$ cat work20.txt   # compact mmCIF, C-alpha atoms and all ligand atoms
# COMPACT_ATOMS: atom_id res chain seq x y z
CA MET A 1 125.13 105.09 95.17
CA ALA A 2 124.74 102.11 97.51
CA ILE A 3 121.20 100.78 97.56
CA ASP A 4 119.51 100.81 100.93
CA ALA A 5 118.40 97.16 100.79
CA LYS A 6 116.13 97.55 103.79
CA ALA A 7 114.22 100.42 102.20
CA ALA A 8 114.11 98.58 98.85
CA ASP A 9 112.82 95.41 100.53
CA GLU A 10 110.18 97.40 102.40
CA LEU A 11 108.95 98.90 99.11
CA LEU A 12 109.01 95.55 97.31
CA THR A 13 107.24 93.64 100.07
CA THR A 14 104.55 96.15 100.97
CA THR A 15 103.35 97.39 97.60
CA ARG A 16 99.85 95.95 97.85
CA SER A 17 96.76 96.15 95.71
CA VAL A 18 95.13 99.28 97.08
CA ARG A 19 91.37 99.40 96.71
CA LYS A 20 89.58 100.53 99.89
CA ARG A 21 92.41 102.88 100.78
CA LEU A 22 92.35 104.83 97.52
CA ASP A 23 91.66 108.48 98.38
CA LEU A 24 88.90 109.06 95.86
CA ALA A 25 88.54 112.75 96.71
CA ARG A 26 92.12 113.94 96.26
CA PRO A 27 93.31 114.86 92.77
CA VAL A 28 96.61 113.41 91.55
CA PRO A 29 98.95 115.88 89.81
CA PRO A 30 99.82 114.74 86.27
CA GLU A 31 103.47 115.62 86.91
CA LEU A 32 103.66 112.95 89.60
CA LEU A 33 102.32 110.32 87.22
CA GLU A 34 104.81 111.44 84.57
CA GLU A 35 107.59 111.05 87.12
CA CYS A 36 106.47 107.45 87.76
CA ILE A 37 106.44 106.79 84.01
CA GLU A 38 110.03 108.04 83.72
CA ILE A 39 111.01 105.45 86.32
CA ALA A 40 108.93 102.71 84.70
CA LEU A 41 110.76 103.38 81.42
CA GLN A 42 113.90 101.90 82.97
CA ALA A 43 112.29 98.43 82.90
CA PRO A 44 113.57 95.83 80.42
CA THR A 45 111.97 95.13 77.02
CA GLY A 46 112.63 92.30 74.57
CA SER A 47 115.31 93.35 72.03
CA ASN A 48 115.11 96.81 73.59
CA SER A 49 111.87 97.20 71.63
CA GLN A 50 110.25 99.80 73.92
CA GLY A 51 106.93 99.27 72.20
CA TRP A 52 105.06 100.55 75.21
CA GLN A 53 102.47 103.32 75.54
CA PHE A 54 100.82 104.68 78.68
CA LEU A 55 97.32 106.10 78.81
CA PHE A 56 95.93 108.00 81.79
CA VAL A 57 92.20 108.66 81.91
CA ARG A 58 90.93 111.54 84.03
CA ASP A 59 87.73 112.33 82.14
CA ALA A 60 84.74 111.42 84.37
CA ALA A 61 82.52 110.08 81.58
CA LYS A 62 85.30 107.90 80.21
CA LYS A 63 86.17 106.54 83.66
CA ARG A 64 82.49 105.73 84.19
CA ALA A 65 82.37 103.90 80.85
CA LEU A 66 85.54 101.92 81.68
CA ALA A 67 84.15 101.06 85.12
CA ASP A 68 80.94 99.82 83.46
CA LEU A 69 82.97 97.52 81.17
CA TYR A 70 84.92 96.30 84.18
CA LYS A 71 81.73 95.59 86.10
CA LYS A 72 80.21 93.70 83.18
CA ALA A 73 83.08 91.19 83.33
CA PHE A 74 83.58 91.28 87.11
CA LEU A 75 80.21 89.95 88.21
CA PRO A 76 80.26 86.73 86.12
CA TYR A 77 83.91 86.26 87.14
CA VAL A 78 83.32 86.41 90.89
CA ASN A 79 80.19 84.29 90.62
CA ARG A 80 81.76 81.62 88.38
CA LYS A 81 81.21 78.00 89.35
CA ASP A 82 84.83 76.82 88.97
CA GLN A 83 86.28 78.77 91.91
CA PRO A 84 89.76 77.49 92.85
CA GLN A 85 89.79 75.07 95.78
CA TYR A 86 92.68 75.50 98.22
CA ALA A 87 94.11 72.87 100.56
CA GLU A 88 93.94 73.41 104.31
CA GLY A 89 96.67 75.76 105.47
CA ASP A 90 97.02 77.40 102.05
CA PRO A 91 97.18 81.14 102.84
CA ARG A 92 95.01 81.90 99.81
CA ALA A 93 91.99 80.26 101.47
CA ALA A 94 92.13 82.58 104.48
CA GLN A 95 92.80 85.60 102.28
CA ARG A 96 89.94 84.97 99.87
CA PRO A 97 87.12 86.69 101.82
CA ARG A 98 89.24 89.83 102.33
CA VAL A 99 90.32 89.96 98.69
CA LEU A 100 86.73 89.49 97.57
CA ASP A 101 85.45 92.18 99.93
CA SER A 102 88.11 94.57 98.68
CA ALA A 103 87.39 93.69 95.04
CA MET A 104 83.65 94.25 95.62
CA PHE A 105 84.47 97.71 96.94
CA LEU A 106 86.56 98.49 93.87
CA VAL A 107 83.92 97.42 91.38
CA GLU A 108 81.47 99.88 92.95
CA HIS A 109 83.95 102.75 93.15
CA LEU A 110 86.29 102.31 90.19
CA HIS A 111 84.75 105.26 88.33
CA GLU A 112 85.54 107.52 91.30
CA ALA A 113 89.29 106.94 91.20
CA PRO A 114 90.97 110.21 90.16
CA VAL A 115 92.91 108.41 87.44
CA HIS A 116 92.70 105.19 85.46
CA PHE A 117 96.03 104.00 84.10
CA ILE A 118 96.04 101.75 81.03
CA PRO A 119 99.46 100.45 79.94
CA LEU A 120 99.71 99.23 76.36
CA ILE A 121 102.14 97.28 74.24
CA GLU A 122 102.60 97.31 70.49
CA GLY A 123 101.31 94.23 68.72
CA ARG A 124 98.59 91.66 69.26
CA VAL A 125 99.25 88.14 70.44
CA GLU A 126 95.87 86.37 70.25
CA ASN A 127 97.18 84.03 67.56
CA ALA A 128 100.88 84.16 68.37
CA PRO A 129 103.05 81.30 69.68
CA ALA A 130 104.00 81.20 73.37
CA PHE A 131 107.44 82.68 72.70
CA ALA A 132 105.91 85.76 71.10
CA GLN A 133 103.28 86.09 73.84
CA ALA A 134 105.96 85.92 76.55
CA SER A 135 108.09 88.46 74.72
CA VAL A 136 105.27 90.92 74.18
CA TYR A 137 103.77 90.78 77.68
CA GLY A 138 107.25 90.52 79.17
CA SER A 139 108.06 93.84 77.51
CA ILE A 140 105.39 95.78 79.39
CA LEU A 141 104.56 94.02 82.67
CA PRO A 142 107.89 94.82 84.41
CA ALA A 143 107.31 98.50 83.60
CA VAL A 144 103.83 98.38 85.11
CA TRP A 145 105.17 96.91 88.33
CA SER A 146 107.90 99.57 88.38
CA PHE A 147 105.19 102.18 87.97
CA MET A 148 103.32 100.74 90.96
CA LEU A 149 106.48 100.77 93.07
CA ALA A 150 107.39 104.31 92.07
CA ALA A 151 103.83 105.42 92.76
CA ARG A 152 103.82 103.78 96.19
CA ALA A 153 107.06 105.56 97.07
CA ARG A 154 105.29 108.84 96.28
CA GLY A 155 102.20 108.17 98.37
CA LEU A 156 100.10 106.82 95.51
CA GLY A 157 98.23 103.53 95.67
CA SER A 158 97.10 101.46 92.74
CA ALA A 159 95.61 98.08 91.99
CA TRP A 160 96.45 95.87 89.03
CA THR A 161 93.22 94.83 87.31
CA THR A 162 92.50 93.00 84.07
CA LEU A 163 88.76 92.50 84.15
CA HIS A 164 87.90 95.20 81.62
CA LEU A 165 89.95 93.27 79.03
CA PRO A 166 87.12 90.99 77.87
CA TYR A 167 85.80 94.33 76.55
CA GLU A 168 89.16 95.63 75.37
CA LYS A 169 87.79 96.53 71.95
CA GLU A 170 85.03 98.68 73.47
CA ALA A 171 87.60 100.40 75.68
CA ALA A 172 89.82 100.99 72.63
CA GLU A 173 86.92 102.63 70.78
CA LEU A 174 86.09 104.77 73.79
CA LEU A 175 89.68 106.01 74.09
CA GLY A 176 90.69 106.15 70.42
CA ILE A 177 93.28 103.38 70.80
CA PRO A 178 94.26 101.67 67.53
CA PHE A 179 93.13 98.20 68.65
CA GLU A 180 94.78 96.31 65.77
CA ARG A 181 98.21 97.74 66.69
CA PHE A 182 98.19 98.04 70.48
CA THR A 183 97.22 95.62 73.25
CA GLN A 184 95.93 96.93 76.55
CA VAL A 185 97.41 94.87 79.37
CA ALA A 186 95.72 96.19 82.51
CA LEU A 187 93.69 98.99 84.07
CA LEU A 188 94.97 100.43 87.32
CA PRO A 189 93.01 102.91 89.42
CA VAL A 190 95.56 105.35 90.84
CA ALA A 191 95.04 107.66 93.82
CA TYR A 192 96.78 108.88 96.92
CA PHE A 193 96.44 106.18 99.55
CA THR A 194 94.98 106.84 102.97
CA GLY A 195 96.87 105.79 106.10
CA THR A 196 100.60 105.48 106.19
CA SER A 197 101.82 101.91 106.13
CA PHE A 198 101.16 98.58 104.44
CA SER A 199 102.00 95.06 105.61
CA ARG A 200 103.71 92.13 104.04
CA ALA A 201 101.27 89.56 102.69
CA GLN A 202 101.39 85.93 103.63
CA ARG A 203 102.35 83.83 100.61
CA ILE A 204 102.90 80.16 99.83
CA PRO A 205 106.41 79.52 101.21
CA GLY A 206 109.10 80.14 98.60
CA LYS A 207 110.93 76.89 99.37
CA ARG A 208 107.87 74.92 98.29
CA LEU A 209 107.81 76.76 94.97
CA THR A 210 111.53 76.68 94.27
CA HIS A 211 113.15 73.78 92.42
CA TRP A 212 116.84 72.94 92.25
CA ASP A 213 118.40 71.19 89.26
CA ARG A 214 115.26 69.16 88.65
CA TRP A 215 111.51 69.71 88.90
CA GLY A 216 110.35 68.68 92.36
CA ASN A 217 113.73 68.99 94.09
CA HIS A 218 113.08 71.43 96.94
CA ARG A 219 115.61 72.40 99.59
CA SER A 220 114.36 71.71 103.09
C1 LIG B 301 97.39 89.77 86.30
C2 LIG B 301 96.59 90.30 87.46
C3 LIG B 301 95.25 90.56 87.31
C4 LIG B 301 94.49 91.07 88.37
N1 LIG B 301 93.18 91.40 88.16
C5 LIG B 301 92.47 91.97 89.15
C6 LIG B 301 91.16 92.46 88.91
O1 LIG B 301 90.65 92.42 87.78
N2 LIG B 301 90.50 93.04 89.94
C7 LIG B 301 91.05 93.17 91.19
O2 LIG B 301 90.38 93.70 92.08
N3 LIG B 301 92.30 92.73 91.44
C8 LIG B 301 93.03 92.14 90.47
N4 LIG B 301 94.33 91.76 90.69
C9 LIG B 301 94.93 91.94 92.04
C10 LIG B 301 95.04 90.63 92.81
O3 LIG B 301 93.78 90.26 93.29
C11 LIG B 301 96.04 90.82 93.96
O4 LIG B 301 97.32 91.07 93.43
C12 LIG B 301 96.14 89.62 94.88
O5 LIG B 301 94.92 89.41 95.54
C13 LIG B 301 97.24 89.78 95.92
O6 LIG B 301 97.05 90.95 96.68
P1 LIG B 301 98.22 92.05 96.81
O7 LIG B 301 98.48 92.55 95.42
O8 LIG B 301 97.68 93.09 97.73
O9 LIG B 301 99.41 91.34 97.37
C14 LIG B 301 95.10 91.28 89.64
C15 LIG B 301 96.47 91.04 89.78
C16 LIG B 301 97.21 90.58 88.71
C17 LIG B 301 98.70 90.38 88.88

$ encode --input "work20.txt" --output "structure tokens"
Amino acid sequence: MAIDAKAADELLTTTRSVRKRLDLARPVPPELLEECIEIALQAPTGSNSQGWQFLFVRDAAKKRALADLYKKAFLPYVNRKDQPQYAEGDPRAAQRPRVLDSAMFLVEHLHEAPVHFIPLIEGRVENAPAFAQASVYGSILPAVWSFMLAARARGLGSAWTTLHLPYEKEAAELLGIPFERFTQVALLPVAYFTGTSFSRAQRIPGKRLTHWDRWGNHRS
């Protein structure tokens, strides 16, 4: 089947972090999430290892506990002294207040999301060399992005978050995850999104970030 590049590009360029537009009141059918997992399973893994696991949390008390862990790390993170400084004209500077506002909303409402999605990968990399770290994370992160894309195509919004991970061990205990064997890589609230469309984001221009034959050689 020929791929409709326009539709694919629209999906790829408008799958945003959804926080304020998560419909917190509408339940998400488990079958729909399973469908997204089936699509995510087509992502690549190092040596075809497929060491991935996918945990959905619907239990209210557990979501509340995860949201509390998230909040515990979030507040020091947003208030940290070493905030990145952006040059004039850098789109990230203009976007910062909106991202922060949206993130502040999420921290207060994370427990209300109908589902928390925690993707996991077999192994732990705290003491591993860079090659092993890249291989392990590289064997789960493409699947998570595929999940987000598949979800978006089905009317579901999500937001990639990592701020519960400073308390990964506590989350593992809460959820019965064998911490020594499996690494949690993110926590995504998932819900139907409100409204119908999303926009492209402004990014640092690709030409400035793309090098040809040698570091620093950019095409004009
Ligand atoms: C590795 C990673 C970690 C992130 N962690 C968080 C987080 O803990 N909380 C949050 O609200 N957003 C988090 N985000 C979302 C980013 O803030 C978001 O992707 C960025 O602002 C760009 O917005 P967009 O995804 O809508 O294009 C994370 C994204 C990535 C890829």

$ residues_near_ligand --input "work20.txt" --ligand "ligand LIG 301 (chain B)" --cutoff "6 Å" --atoms "all atoms listed in the file" --output "list in words"
Arg16, Ser17, Val99, Ala103, Trp160, Thr161, Thr162, Leu163 and Ala201 of chain A

$ atom_distance --input "work20.txt" --atom1 "atom CA of A:Asn217" --atom2 "atom CA of A:Ala87"
21.0 Å

$ closest_residue --input "work20.txt" --among "A:Tyr86, A:Phe182, A:Phe105, A:Trp52" --to "A:Lys71" --atoms "all atoms listed in the file"
A:Phe105

$ residues_around --input "work20.txt" --residues "A:Glu122" --least-positions-apart "5" --cutoff "10 Å" --atoms "all atoms listed in the file" --output "compact mmCIF listing (two decimals) with C-alpha atoms, keeping the file's coordinate frame"
# COMPACT_ATOMS: atom_id res chain seq x y z
CA SER A 49 111.87 97.20 71.63
CA GLN A 50 110.25 99.80 73.92
CA GLY A 51 106.93 99.27 72.20
CA TRP A 52 105.06 100.55 75.21
CA GLN A 53 102.47 103.32 75.54
CA VAL A 136 105.27 90.92 74.18
CA TYR A 137 103.77 90.78 77.68
CA SER A 139 108.06 93.84 77.51
CA ILE A 140 105.39 95.78 79.39
CA PRO A 178 94.26 101.67 67.53
CA PHE A 179 93.13 98.20 68.65
CA GLU A 180 94.78 96.31 65.77
CA ARG A 181 98.21 97.74 66.69
CA PHE A 182 98.19 98.04 70.48
CA THR A 183 97.22 95.62 73.25
CA GLN A 184 95.93 96.93 76.55

$ atom_distance --input "work20.txt" --atom1 "atom CA of A:Leu69" --atom2 "atom CA of A:Leu106"
13.2 Å

$ atom_distance --input "work20.txt" --atom1 "atom CA of A:Arg21" --atom2 "atom CA of A:Ala60"
20.0 Å

$ closest_residue --input "work20.txt" --among "A:Tyr70, A:Trp145, A:Phe54, A:Phe198" --to "A:His111" --atoms "all atoms listed in the file"
A:Tyr70

$ closest_residue --input "work20.txt" --among "A:Gln133, A:Asn48, A:Thr15, A:Ser146" --to "A:Phe193" --atoms "only C-alpha atoms"
A:Thr15

$ closest_residue --input "work20.txt" --among "A:Asp82, A:Asp9, A:Asp68, A:Asp90" --to "A:Glu108" --atoms "all atoms listed in the file"
A:Asp68

$ residues_around --input "work20.txt" --residues "stretch 151-156 of chain A" --least-positions-apart "6" --cutoff "9 Å" --atoms "all atoms listed in the file" --output "list of chain:residue names"
A:Leu11, A:Thr15, A:Arg16, A:Leu22, A:Val28, A:Leu32, A:Leu33, A:Glu35, A:Cys36, A:Val190, A:Ala191, A:Tyr192, A:Phe193, A:Thr194, A:Thr196

$ closest_residue --input "work20.txt" --among "A:Leu141, A:Leu175, A:Leu55, A:Leu66" --to "A:Ala113" --atoms "all atoms listed in the file"
A:Leu66

$ axis_aligned_box --input "work20.txt" --around "stretch 194-197 of chain A" --padding-each-side "3 Å" --output "lines of an AutoDock Vina configuration file"
center_x = 98.4
center_y = 104.4
center_z = 104.6
size_x = 12.8
size_y = 10.9
size_z = 9.2

$ closest_residue --input "work20.txt" --among "A:Val107, A:Ala5, A:Val115, A:Leu75" --to "A:Pro29" --atoms "all atoms listed in the file"
A:Val115

$ residues_around --input "work20.txt" --residues "A:Ile39" --least-positions-apart "5" --cutoff "9 Å" --atoms "only C-alpha atoms" --output "PyMOL selection string"
chain A and resi 34+143+146-147+150

$ residues_near_point --input "work20.txt" --point "(89.5, 108.7, 72.1)" --cutoff "12 Å" --atoms "all atoms listed in the file" --output "list of chain:residue names"
A:Leu55, A:Phe56, A:Val57, A:Asp59, A:Ala61, A:Lys62, A:Glu170, A:Ala171, A:Ala172, A:Glu173, A:Leu174, A:Leu175, A:Gly176, A:Ile177, A:Pro178, A:Phe179

$ write_last_selection --input "work20.txt" --atoms "C-alpha atoms" --output "compact mmCIF listing (two decimals), keeping the file's coordinate frame"
# COMPACT_ATOMS: atom_id res chain seq x y z
CA LEU A 55 97.32 106.10 78.81
CA PHE A 56 95.93 108.00 81.79
CA VAL A 57 92.20 108.66 81.91
CA ASP A 59 87.73 112.33 82.14
CA ALA A 61 82.52 110.08 81.58
CA LYS A 62 85.30 107.90 80.21
CA GLU A 170 85.03 98.68 73.47
CA ALA A 171 87.60 100.40 75.68
CA ALA A 172 89.82 100.99 72.63
CA GLU A 173 86.92 102.63 70.78
CA LEU A 174 86.09 104.77 73.79
CA LEU A 175 89.68 106.01 74.09
CA GLY A 176 90.69 106.15 70.42
CA ILE A 177 93.28 103.38 70.80
CA PRO A 178 94.26 101.67 67.53
CA PHE A 179 93.13 98.20 68.65

$ residues_around --input "work20.txt" --residues "A:Ala93" --least-positions-apart "6" --cutoff "12 Å" --atoms "all atoms listed in the file" --output "number ranges by chain"
A: 83-87, 99-100, 202-204

$ decode --input "work20.txt" --residues "stretch 139-166 of chain A" --atoms "N, CA and C atoms" --output "PDB file, in the first residue's frame"
ATOM      1  N   SER A 139      16.199   0.579  22.496  1.00  0.00           N
ATOM      2  CA  SER A 139      15.336  -0.571  22.232  1.00  0.00           C
ATOM      3  C   SER A 139      13.958  -0.419  22.863  1.00  0.00           C
ATOM      4  N   ILE A 140      13.668   0.753  23.411  1.00  0.00           N
ATOM      5  CA  ILE A 140      12.318   0.985  23.937  1.00  0.00           C
ATOM      6  C   ILE A 140      11.770   2.349  23.502  1.00  0.00           C
ATOM      7  N   LEU A 141      12.651   3.356  23.363  1.00  0.00           N
ATOM      8  CA  LEU A 141      12.112   4.702  23.091  1.00  0.00           C
ATOM      9  C   LEU A 141      11.411   4.808  21.731  1.00  0.00           C
ATOM     10  N   PRO A 142      11.917   4.148  20.668  1.00  0.00           N
ATOM     11  CA  PRO A 142      11.145   4.220  19.409  1.00  0.00           C
ATOM     12  C   PRO A 142       9.737   3.649  19.567  1.00  0.00           C
ATOM     13  N   ALA A 143       9.603   2.598  20.355  1.00  0.00           N
ATOM     14  CA  ALA A 143       8.271   1.995  20.558  1.00  0.00           C
ATOM     15  C   ALA A 143       7.349   2.955  21.298  1.00  0.00           C
ATOM     16  N   VAL A 144       7.910   3.718  22.222  1.00  0.00           N
ATOM     17  CA  VAL A 144       7.067   4.654  22.988  1.00  0.00           C
ATOM     18  C   VAL A 144       6.553   5.763  22.062  1.00  0.00           C
ATOM     19  N   TRP A 145       7.438   6.232  21.207  1.00  0.00           N
ATOM     20  CA  TRP A 145       7.004   7.269  20.252  1.00  0.00           C
ATOM     21  C   TRP A 145       5.957   6.696  19.289  1.00  0.00           C
ATOM     22  N   SER A 146       6.165   5.459  18.842  1.00  0.00           N
ATOM     23  CA  SER A 146       5.147   4.829  17.987  1.00  0.00           C
ATOM     24  C   SER A 146       3.814   4.738  18.717  1.00  0.00           C
ATOM     25  N   PHE A 147       3.876   4.401  19.995  1.00  0.00           N
ATOM     26  CA  PHE A 147       2.649   4.335  20.795  1.00  0.00           C
ATOM     27  C   PHE A 147       1.949   5.693  20.790  1.00  0.00           C
ATOM     28  N   MET A 148       2.732   6.761  20.987  1.00  0.00           N
ATOM     29  CA  MET A 148       2.132   8.102  21.030  1.00  0.00           C
ATOM     30  C   MET A 148       1.485   8.465  19.692  1.00  0.00           C
ATOM     31  N   LEU A 149       2.159   8.069  18.613  1.00  0.00           N
ATOM     32  CA  LEU A 149       1.618   8.363  17.278  1.00  0.00           C
ATOM     33  C   LEU A 149       0.345   7.567  17.024  1.00  0.00           C
ATOM     34  N   ALA A 150       0.388   6.292  17.371  1.00  0.00           N
ATOM     35  CA  ALA A 150      -0.793   5.438  17.166  1.00  0.00           C
ATOM     36  C   ALA A 150      -1.950   5.936  18.021  1.00  0.00           C
ATOM     37  N   ALA A 151      -1.634   6.372  19.230  1.00  0.00           N
ATOM     38  CA  ALA A 151      -2.669   6.891  20.128  1.00  0.00           C
ATOM     39  C   ALA A 151      -3.294   8.153  19.537  1.00  0.00           C
ATOM     40  N   ARG A 152      -2.434   9.040  19.079  1.00  0.00           N
ATOM     41  CA  ARG A 152      -2.910  10.317  18.497  1.00  0.00           C
ATOM     42  C   ARG A 152      -3.846  10.055  17.314  1.00  0.00           C
ATOM     43  N   ALA A 153      -3.503   9.056  16.503  1.00  0.00           N
ATOM     44  CA  ALA A 153      -4.328   8.740  15.336  1.00  0.00           C
ATOM     45  C   ALA A 153      -5.693   8.194  15.754  1.00  0.00           C
ATOM     46  N   ARG A 154      -5.806   7.772  17.011  1.00  0.00           N
ATOM     47  CA  ARG A 154      -7.070   7.221  17.521  1.00  0.00           C
ATOM     48  C   ARG A 154      -7.788   8.172  18.464  1.00  0.00           C
ATOM     49  N   GLY A 155      -7.336   9.440  18.465  1.00  0.00           N
ATOM     50  CA  GLY A 155      -8.013  10.434  19.300  1.00  0.00           C
ATOM     51  C   GLY A 155      -7.487  10.519  20.718  1.00  0.00           C
ATOM     52  N   LEU A 156      -6.370   9.801  20.986  1.00  0.00           N
ATOM     53  CA  LEU A 156      -5.822   9.817  22.345  1.00  0.00           C
ATOM     54  C   LEU A 156      -4.602  10.722  22.414  1.00  0.00           C
ATOM     55  N   GLY A 157      -4.547  11.540  23.459  1.00  0.00           N
ATOM     56  CA  GLY A 157      -3.376  12.381  23.696  1.00  0.00           C
ATOM     57  C   GLY A 157      -2.532  11.786  24.800  1.00  0.00           C
ATOM     58  N   SER A 158      -1.266  12.146  24.789  1.00  0.00           N
ATOM     59  CA  SER A 158      -0.375  11.681  25.852  1.00  0.00           C
ATOM     60  C   SER A 158       0.750  12.691  26.010  1.00  0.00           C
ATOM     61  N   ALA A 159       1.498  12.545  27.053  1.00  0.00           N
ATOM     62  CA  ALA A 159       2.645  13.438  27.266  1.00  0.00           C
ATOM     63  C   ALA A 159       3.781  12.608  27.835  1.00  0.00           C
ATOM     64  N   TRP A 160       4.923  12.694  27.178  1.00  0.00           N
ATOM     65  CA  TRP A 160       6.108  11.961  27.657  1.00  0.00           C
ATOM     66  C   TRP A 160       6.586  12.637  28.927  1.00  0.00           C
ATOM     67  N   THR A 161       6.685  11.935  30.025  1.00  0.00           N
ATOM     68  CA  THR A 161       7.293  12.529  31.227  1.00  0.00           C
ATOM     69  C   THR A 161       8.309  11.556  31.817  1.00  0.00           C
ATOM     70  N   THR A 162       9.279  12.139  32.524  1.00  0.00           N
ATOM     71  CA  THR A 162      10.312  11.301  33.164  1.00  0.00           C
ATOM     72  C   THR A 162      10.499  11.654  34.640  1.00  0.00           C
ATOM     73  N   LEU A 163       9.735  12.636  35.119  1.00  0.00           N
ATOM     74  CA  LEU A 163      10.077  13.168  36.439  1.00  0.00           C
ATOM     75  C   LEU A 163       9.691  12.285  37.626  1.00  0.00           C
ATOM     76  N   HIS A 164       9.016  11.162  37.380  1.00  0.00           N
ATOM     77  CA  HIS A 164       8.825  10.259  38.526  1.00  0.00           C
ATOM     78  C   HIS A 164      10.067   9.367  38.700  1.00  0.00           C
ATOM     79  N   LEU A 165      10.969   9.388  37.699  1.00  0.00           N
ATOM     80  CA  LEU A 165      12.075   8.418  37.701  1.00  0.00           C
ATOM     81  C   LEU A 165      13.104   8.600  38.830  1.00  0.00           C
ATOM     82  N   PRO A 166      13.288   9.809  39.363  1.00  0.00           N
ATOM     83  CA  PRO A 166      14.126   9.865  40.569  1.00  0.00           C
ATOM     84  C   PRO A 166      13.575   8.960  41.678  1.00  0.00           C
TER      85      PRO A 166
END
